[in-house]
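Chemist: Next comes structure_4.csv, CSV, C-alpha atoms and all ligand atoms:
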```csv
chain,number,residue,atom,x,y,z
M,7,MET,CA,0.0,0.0,0.0
M,8,GLU,CA,2.8,2.4,0.8
M,9,HIS,CA,4.4,1.8,-2.6
M,10,SER,CA,1.3,2.5,-4.6
M,11,THR,CA,0.9,6.0,-3.0
M,12,ALA,CA,4.6,6.8,-3.3
M,13,THR,CA,4.9,6.1,-7.1
M,14,PRO,CA,2.7,9.0,-8.4
M,15,GLU,CA,4.7,11.4,-6.1
M,16,THR,CA,8.0,10.3,-7.6
M,17,GLU,CA,6.6,10.7,-11.2
M,18,LYS,CA,5.5,14.2,-10.4
M,19,GLU,CA,8.8,15.0,-8.9
M,20,LYS,CA,10.6,13.6,-11.9
M,21,ARG,CA,8.5,15.8,-14.2
M,22,ARG,CA,9.3,18.9,-12.0
M,23,LYS,CA,13.0,18.1,-12.2
M,24,TRP,CA,12.8,17.8,-16.0
M,25,ILE,CA,11.0,21.1,-16.3
M,26,LEU,CA,13.5,22.8,-14.1
M,27,LEU,CA,16.4,21.3,-16.1
M,28,ILE,CA,14.9,22.5,-19.4
M,29,ALA,CA,14.2,26.0,-17.9
M,30,MET,CA,17.8,26.2,-16.6
M,31,SER,CA,19.2,25.1,-20.0
M,32,LEU,CA,17.1,27.7,-21.8
M,33,SER,CA,18.3,30.5,-19.5
M,34,LEU,CA,21.9,29.4,-20.0
M,35,VAL,CA,21.5,29.5,-23.8
M,36,ALA,CA,19.9,32.9,-23.5
M,37,LEU,CA,22.8,34.2,-21.3
M,38,ILE,CA,25.5,32.8,-23.6
M,39,THR,CA,23.7,34.4,-26.7
M,40,SER,CA,23.5,37.8,-25.0
M,41,LEU,CA,27.1,37.7,-23.9
M,42,PHE,CA,28.1,36.7,-27.5
M,43,PHE,CA,26.3,39.7,-29.0
M,44,LEU,CA,27.6,42.1,-26.3
M,45,ALA,CA,31.2,41.0,-27.1
M,46,ARG,CA,30.5,41.5,-30.9
M,47,ILE,CA,29.1,45.0,-30.4
M,48,GLU,CA,32.1,45.9,-28.1
M,49,GLY,CA,34.5,44.4,-30.7
M,50,TRP,CA,32.9,46.5,-33.4
M,51,LEU,CA,33.1,49.7,-31.3
M,52,GLY,CA,36.7,48.9,-30.4
M,53,ARG,CA,37.7,48.5,-34.1
M,54,ARG,CA,36.0,51.7,-35.0
M,55,ASN,CA,37.7,53.8,-32.4
M,56,SER,CA,41.2,52.3,-32.2
M,57,THR,CA,44.1,53.3,-34.4
M,58,THR,CA,46.1,50.7,-36.3
M,59,LEU,CA,49.8,50.4,-35.9
M,60,LEU,CA,50.2,52.1,-39.3
M,61,THR,CA,48.1,55.2,-38.6
M,62,LEU,CA,49.8,58.1,-40.3
M,63,VAL,CA,50.1,61.3,-38.2
M,64,ASP,CA,52.0,64.1,-39.9
M,65,THR,CA,51.6,67.6,-41.1
M,66,GLU,CA,48.7,66.5,-43.3
M,67,ASN,CA,47.1,63.9,-41.1
M,68,ALA,CA,45.9,64.7,-37.6
M,69,ALA,CA,45.8,62.1,-34.8
M,70,PRO,CA,42.3,60.5,-34.7
M,71,GLU,CA,40.3,61.8,-31.9
M,72,ASP,CA,38.1,60.1,-29.3
M,73,ARG,CA,39.6,56.6,-29.9
M,74,GLU,CA,39.8,53.8,-27.5
M,75,GLN,CA,43.3,53.3,-26.2
M,76,THR,CA,45.0,51.3,-23.5
M,77,LEU,CA,48.1,52.9,-22.1
M,78,ALA,CA,50.8,51.2,-20.0
M,79,PHE,CA,53.8,52.6,-18.1
M,80,ILE,CA,57.2,52.0,-19.5
M,81,ASP,CA,58.9,53.7,-16.6
M,82,ASP,CA,57.9,56.0,-13.7
M,83,GLU,CA,56.7,58.8,-15.9
M,84,HIS,CA,56.2,57.6,-19.5
M,85,MET,CA,53.3,55.7,-21.0
M,86,VAL,CA,52.9,54.0,-24.3
M,87,ASP,CA,50.1,52.1,-26.1
M,88,GLU,CA,50.2,48.7,-24.5
M,89,ARG,CA,50.5,47.0,-27.9
M,90,CYS,CA,54.1,48.2,-28.1
M,91,LEU,CA,55.1,47.8,-24.5
M,92,SER,CA,56.6,44.3,-24.6
M,93,ASP,CA,58.6,45.0,-27.8
M,94,LEU,CA,59.8,48.3,-26.4
M,95,GLU,CA,61.0,46.6,-23.2
M,96,GLN,CA,62.8,44.0,-25.3
M,97,LEU,CA,64.4,46.7,-27.5
M,98,LEU,CA,65.7,48.6,-24.5
M,99,GLU,CA,67.1,45.4,-23.0
M,100,TYR,CA,68.7,44.5,-26.3
M,101,CYS,CA,70.2,48.0,-26.5
M,102,ARG,CA,71.5,47.6,-22.9
M,103,SER,CA,73.1,44.3,-23.8
M,104,ALA,CA,74.9,46.2,-26.6
M,105,GLY,CA,76.6,48.4,-24.0
M,106,PHE,CA,74.3,51.4,-24.0
M,107,ALA,CA,72.1,53.0,-21.3
M,108,PRO,CA,68.9,53.9,-23.1
M,109,ARG,CA,66.2,55.9,-21.5
M,110,VAL,CA,62.8,57.1,-22.7
M,111,THR,CA,62.7,61.0,-22.8
M,112,ALA,CA,59.2,61.3,-24.4
M,113,ALA,CA,56.4,58.9,-25.0
M,114,TYR,CA,52.6,59.3,-25.0
M,115,ARG,CA,51.4,62.8,-25.0
M,116,SER,CA,47.7,63.9,-24.8
M,117,ALA,CA,46.3,66.4,-27.2
M,118,SER,CA,46.2,69.1,-24.5
M,119,GLU,CA,49.9,68.4,-23.5
M,120,GLN,CA,50.9,68.8,-27.1
M,121,ARG,CA,49.0,72.1,-27.2
M,122,GLU,CA,50.6,73.3,-24.0
M,123,LEU,CA,54.1,72.4,-25.3
M,124,PHE,CA,53.4,74.3,-28.5
M,125,ASN,CA,51.9,77.3,-26.9
M,126,ALA,CA,54.8,77.6,-24.4
M,127,LEU,CA,57.3,77.7,-27.2
M,128,VAL,CA,55.2,80.4,-29.1
M,129,GLU,CA,55.2,82.5,-25.9
M,130,ARG,CA,58.9,82.0,-25.4
M,131,LEU,CA,59.6,83.2,-29.0
M,132,MET,CA,57.3,86.2,-28.5
M,133,GLU,CA,59.2,87.1,-25.4
M,134,GLN,CA,62.3,87.0,-27.5
M,135,GLY,CA,60.8,89.6,-29.9
M,136,SER,CA,58.9,87.6,-32.5
M,137,ASP,CA,55.4,88.8,-33.4
M,138,ALA,CA,52.6,86.3,-32.9
M,139,GLU,CA,52.4,85.1,-36.5
M,140,SER,CA,56.1,84.5,-37.0
M,141,ALA,CA,56.4,82.9,-33.5
M,142,LYS,CA,53.8,80.3,-34.6
M,143,THR,CA,55.6,79.6,-37.9
M,144,LEU,CA,59.0,79.3,-36.1
M,145,ALA,CA,57.4,77.1,-33.3
M,146,ALA,CA,55.9,74.8,-36.0
M,147,LYS,CA,59.4,74.1,-37.3
M,148,GLN,CA,60.5,72.8,-33.9
M,149,ILE,CA,57.4,71.2,-32.4
M,150,ASP,CA,54.6,69.4,-34.1
M,151,LEU,CA,51.3,71.4,-34.3
M,152,PRO,CA,48.7,70.3,-31.7
M,153,GLY,CA,46.9,67.3,-33.2
M,154,HIS,CA,49.8,66.4,-35.4
M,155,SER,CA,52.3,64.7,-33.1
M,156,GLU,CA,52.9,61.0,-33.3
M,157,HIS,CA,53.4,61.0,-29.6
M,158,GLN,CA,49.6,61.4,-29.3
M,159,LEU,CA,49.2,57.9,-30.7
M,160,GLY,CA,51.3,56.4,-27.8
M,161,LEU,CA,53.2,54.5,-30.5
M,162,ALA,CA,56.3,56.8,-30.6
M,163,VAL,CA,59.1,57.3,-28.2
M,164,ASP,CA,62.2,59.5,-28.0
M,165,LEU,CA,65.2,57.7,-26.8
M,166,ALA,CA,68.5,59.0,-25.4
M,167,ASP,CA,71.5,57.6,-23.7
M,168,GLU,CA,71.7,58.2,-19.9
M,169,GLU,CA,75.2,59.5,-20.4
M,170,GLU,CA,74.9,62.9,-22.0
M,171,ASP,CA,78.2,62.6,-23.8
M,172,ALA,CA,77.6,63.5,-27.4
M,173,GLU,CA,79.7,60.8,-28.9
M,174,LYS,CA,78.0,58.0,-26.8
M,175,GLN,CA,74.6,59.5,-27.8
M,176,ALA,CA,75.5,59.4,-31.5
M,177,ARG,CA,76.8,55.8,-31.2
M,178,MET,CA,73.5,54.7,-29.5
M,179,GLN,CA,71.4,56.5,-32.1
M,180,GLU,CA,73.4,54.7,-34.9
M,181,TRP,CA,72.9,51.4,-33.2
M,182,LEU,CA,69.2,52.0,-32.8
M,183,SER,CA,68.8,53.0,-36.5
M,184,ALA,CA,70.3,49.6,-37.5
M,185,ASN,CA,68.6,47.4,-34.9
M,186,ALA,CA,65.3,48.9,-33.7
M,187,TRP,CA,63.3,47.2,-36.6
M,188,GLU,CA,63.9,43.8,-35.0
M,189,TYR,CA,61.4,44.8,-32.3
M,190,GLY,CA,59.0,46.6,-34.6
M,191,PHE,CA,60.4,50.2,-34.3
M,192,ILE,CA,61.5,52.5,-37.2
M,193,LEU,CA,63.6,55.7,-37.2
M,194,ARG,CA,60.6,57.8,-38.2
M,195,TYR,CA,62.3,61.0,-39.5
M,196,PRO,CA,65.5,59.9,-41.3
M,197,GLU,CA,68.0,62.3,-42.8
M,198,GLY,CA,67.4,63.1,-46.5
M,199,LYS,CA,63.6,62.2,-46.3
M,200,GLU,CA,62.5,65.6,-44.9
M,201,THR,CA,60.4,66.4,-48.0
M,202,ILE,CA,58.5,63.2,-47.6
M,203,THR,CA,58.0,63.1,-43.9
M,204,GLY,CA,57.5,66.9,-43.6
M,205,HIS,CA,59.7,66.7,-40.6
M,206,SER,CA,63.4,67.6,-39.9
M,207,PHE,CA,65.8,64.7,-39.2
M,208,ASP,CA,65.2,63.4,-35.7
M,209,PRO,CA,67.7,60.7,-34.5
M,210,ALA,CA,65.9,60.2,-31.2
M,211,HIS,CA,62.3,59.6,-32.4
M,212,TYR,CA,61.2,56.0,-33.0
M,213,ARG,CA,57.8,54.8,-34.1
M,214,TYR,CA,56.3,51.4,-33.5
M,215,VAL,CA,54.7,49.8,-36.6
M,216,GLY,CA,55.0,46.1,-35.7
M,217,GLN,CA,57.7,43.7,-36.7
M,218,SER,CA,56.8,42.8,-40.3
M,219,ALA,CA,56.2,46.4,-41.4
M,220,ALA,CA,59.4,47.6,-39.6
M,221,LYS,CA,61.5,44.9,-41.3
M,222,GLN,CA,60.1,45.9,-44.8
M,223,ILE,CA,60.5,49.7,-44.1
M,224,PHE,CA,64.1,49.1,-42.9
M,225,GLU,CA,65.1,46.9,-45.8
M,226,LEU,CA,63.5,49.1,-48.5
M,227,GLU,CA,65.0,52.2,-46.8
M,228,ILE,CA,61.6,54.0,-47.0
M,229,THR,CA,59.5,56.1,-44.7
M,230,LEU,CA,56.1,55.3,-43.2
M,231,GLU,CA,54.5,57.7,-45.7
M,232,GLU,CA,56.0,55.7,-48.6
M,233,TYR,CA,55.2,52.3,-47.0
M,234,VAL,CA,51.5,53.2,-46.5
M,235,SER,CA,51.1,54.6,-50.0
M,236,MET,CA,52.9,51.6,-51.5
M,237,PHE,CA,50.9,48.9,-49.7
M,238,TYR,CA,47.7,50.4,-48.4
M,239,SER,CA,46.6,53.3,-50.6
M,240,LYS,CA,43.2,52.8,-52.4
T,301,ZN,ZN,59.5,62.4,-30.7
```
Represent the supplied structure as structure tokens.
Modeler:
Amino acid sequence: MEHSTATPETEKEKRRKWILLIAMSLSLVALITSLFFLARIEGWLGRRNSTTLLTLVDTENAAPEDREQTLAFIDDEHMVDERCLSDLEQLLEYCRSAGFAPRVTAAYRSASEQRELFNALVERLMEQGSDAESAKTLAAKQIDLPGHSEHQLGLAVDLADEEEDAEKQARMQEWLSANAWEYGFILRYPEGKETITGHSFDPAHYRYVGQSAAKQIFELEITLEEYVSMFYSK
């Protein structure tokens, strides 16, 4: 008698368990689907806002605004785009192993920092007697116009040897120009390419473009402007 009353209870319980299991599975599927779509939307937004490693910033092309960017510290005071952090660390290590003492003297700069730097120089030139117009023209020859500095991308660094001895400095710069490509960096403003880059020769300024592009740019002895127009222009 006890068994006959217990059996329908068990059946009911079984059914309830099945319903619960199906409900839970459906919720799980719904959760996974929403997460998947959320990730796709975020990925799409990220792609739209982020700059590529080959983004051109020069006198003609301004640094893209309101982009998503992750910065990381390379030392106590300088930050770079995290995509070049590991290669930069390895390049500095490689440079040290070659007998130099490299340090970063400039890295990421925000748009407002670039503007302040430029305006400060304009003011200094005006104090020295230039009128506003010629002070701006003169300043633009020494510092990139606000919005037009590669440092705003976080993909450029200025490198110097700890020892301020000019000869040591020159030897390290020479070493970098021959070896930086191995870690994805190029000498961005080489001598003799001023008309193409729109920038005077700068032996301290290195730009990260990734290892394969850096290798090609180094081997072909071309600038980023030439590389982009050779391989990526429409
Ligand atoms: Zn620089």
Chemist: Go through the chains and note each residue within 10 Å of ligand ZN 301 (chain T), using all atoms listed in the file, then give the set as a list in words.
Modeler: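 So, counting all atoms listed in the file, the residues near ligand ZN 301 (chain T) are Thr111, Ala112, Ala113, Tyr114, Arg115, Ile149, Asp150, Ser155, Glu156, His157, Ala162, Val163, Asp164, Leu165, Arg194, Tyr195, Asp208, Pro209, Ala210, His211, Tyr212 and Arg213 of chain M.
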Chemist: For CA of Leu60 in chain M and CA of Tyr100 in chain M, quote the distance in Å rounded to one decimal.
Modeler: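 Distance between the two atoms: 23.9 Å.
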Chemist: One decimal, in Å: what's the spacing between CA of Ala220 in chain M and CA of Glu168 in chain M?
Modeler: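 It comes out at 25.5 Å.
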Chemist: What does the distance from CA of Trp187 in chain M to CA of Leu226 in chain M come to in Å, to one decimal?
Modeler: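 About the pair CA of Trp187 in chain M and CA of Leu226 in chain M: they are 12.1 Å apart.
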Chemist: For Thr65 in chain M, list every protein, DNA or RNA residue within 9 Å, evaluated using all atoms listed in the file, and leave out those in the same chain fewer than 4 positions away; present the list as a list in words.
Modeler: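 Here the qualifying residues turn out to be Asp150, Leu151, His154, Ser155, Thr203, Gly204 and His205 of chain M.
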Chemist: Using all atoms listed in the file, which of the listed residues (M:Leu98, M:Gly153, M:Phe237, M:Trp181) sits closest to Glu66 in chain M?
Modeler: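 Residue with the minimum atom-to-atom distance to Glu66 in chain M: M:Gly153.
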Chemist: Which one is closest to Gln217 in chain M: M:Ile80, M:Ala107, M:Leu97, M:Ile202? Count all atoms listed in the file.
Modeler: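 Ranking M:Ile80, M:Ala107, M:Leu97, M:Ile202 by distance to Gln217 in chain M, first place goes to M:Leu97.
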Chemist: Go through M:Asp81, M:Glu225, M:Glu119, M:Asp93 one by one, measure the shortest atom-to-atom distance of each to Tyr189 in chain M using all atoms listed in the file, and give the residue with the smallest value.
Modeler: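 With all atoms listed in the file as the atom set, the closest residue is M:Asp93.
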Chemist: Nearest residue to Val215 in chain M out of M:Glu19, M:Glu129, M:Asp87, M:Glu95, using all atoms listed in the file?
Modeler: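 Checking each candidate against Val215 in chain M, we get M:Asp87 as the closest.
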Chemist: Using only C-alpha atoms, which residues sit within 6 Å of Gln120 in chain M once same-chain residues fewer than 3 positions away are excluded, as a ChimeraX atom specification?
Modeler: /M:117,123,152
Chemist: Nearest to Ala78 in chain M: which of M:Ser136, M:Trp24, M:Leu161, M:Glu188 is it, counting all atoms listed in the file?
Modeler: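 Residue with the minimum atom-to-atom distance to Ala78 in chain M: M:Leu161.
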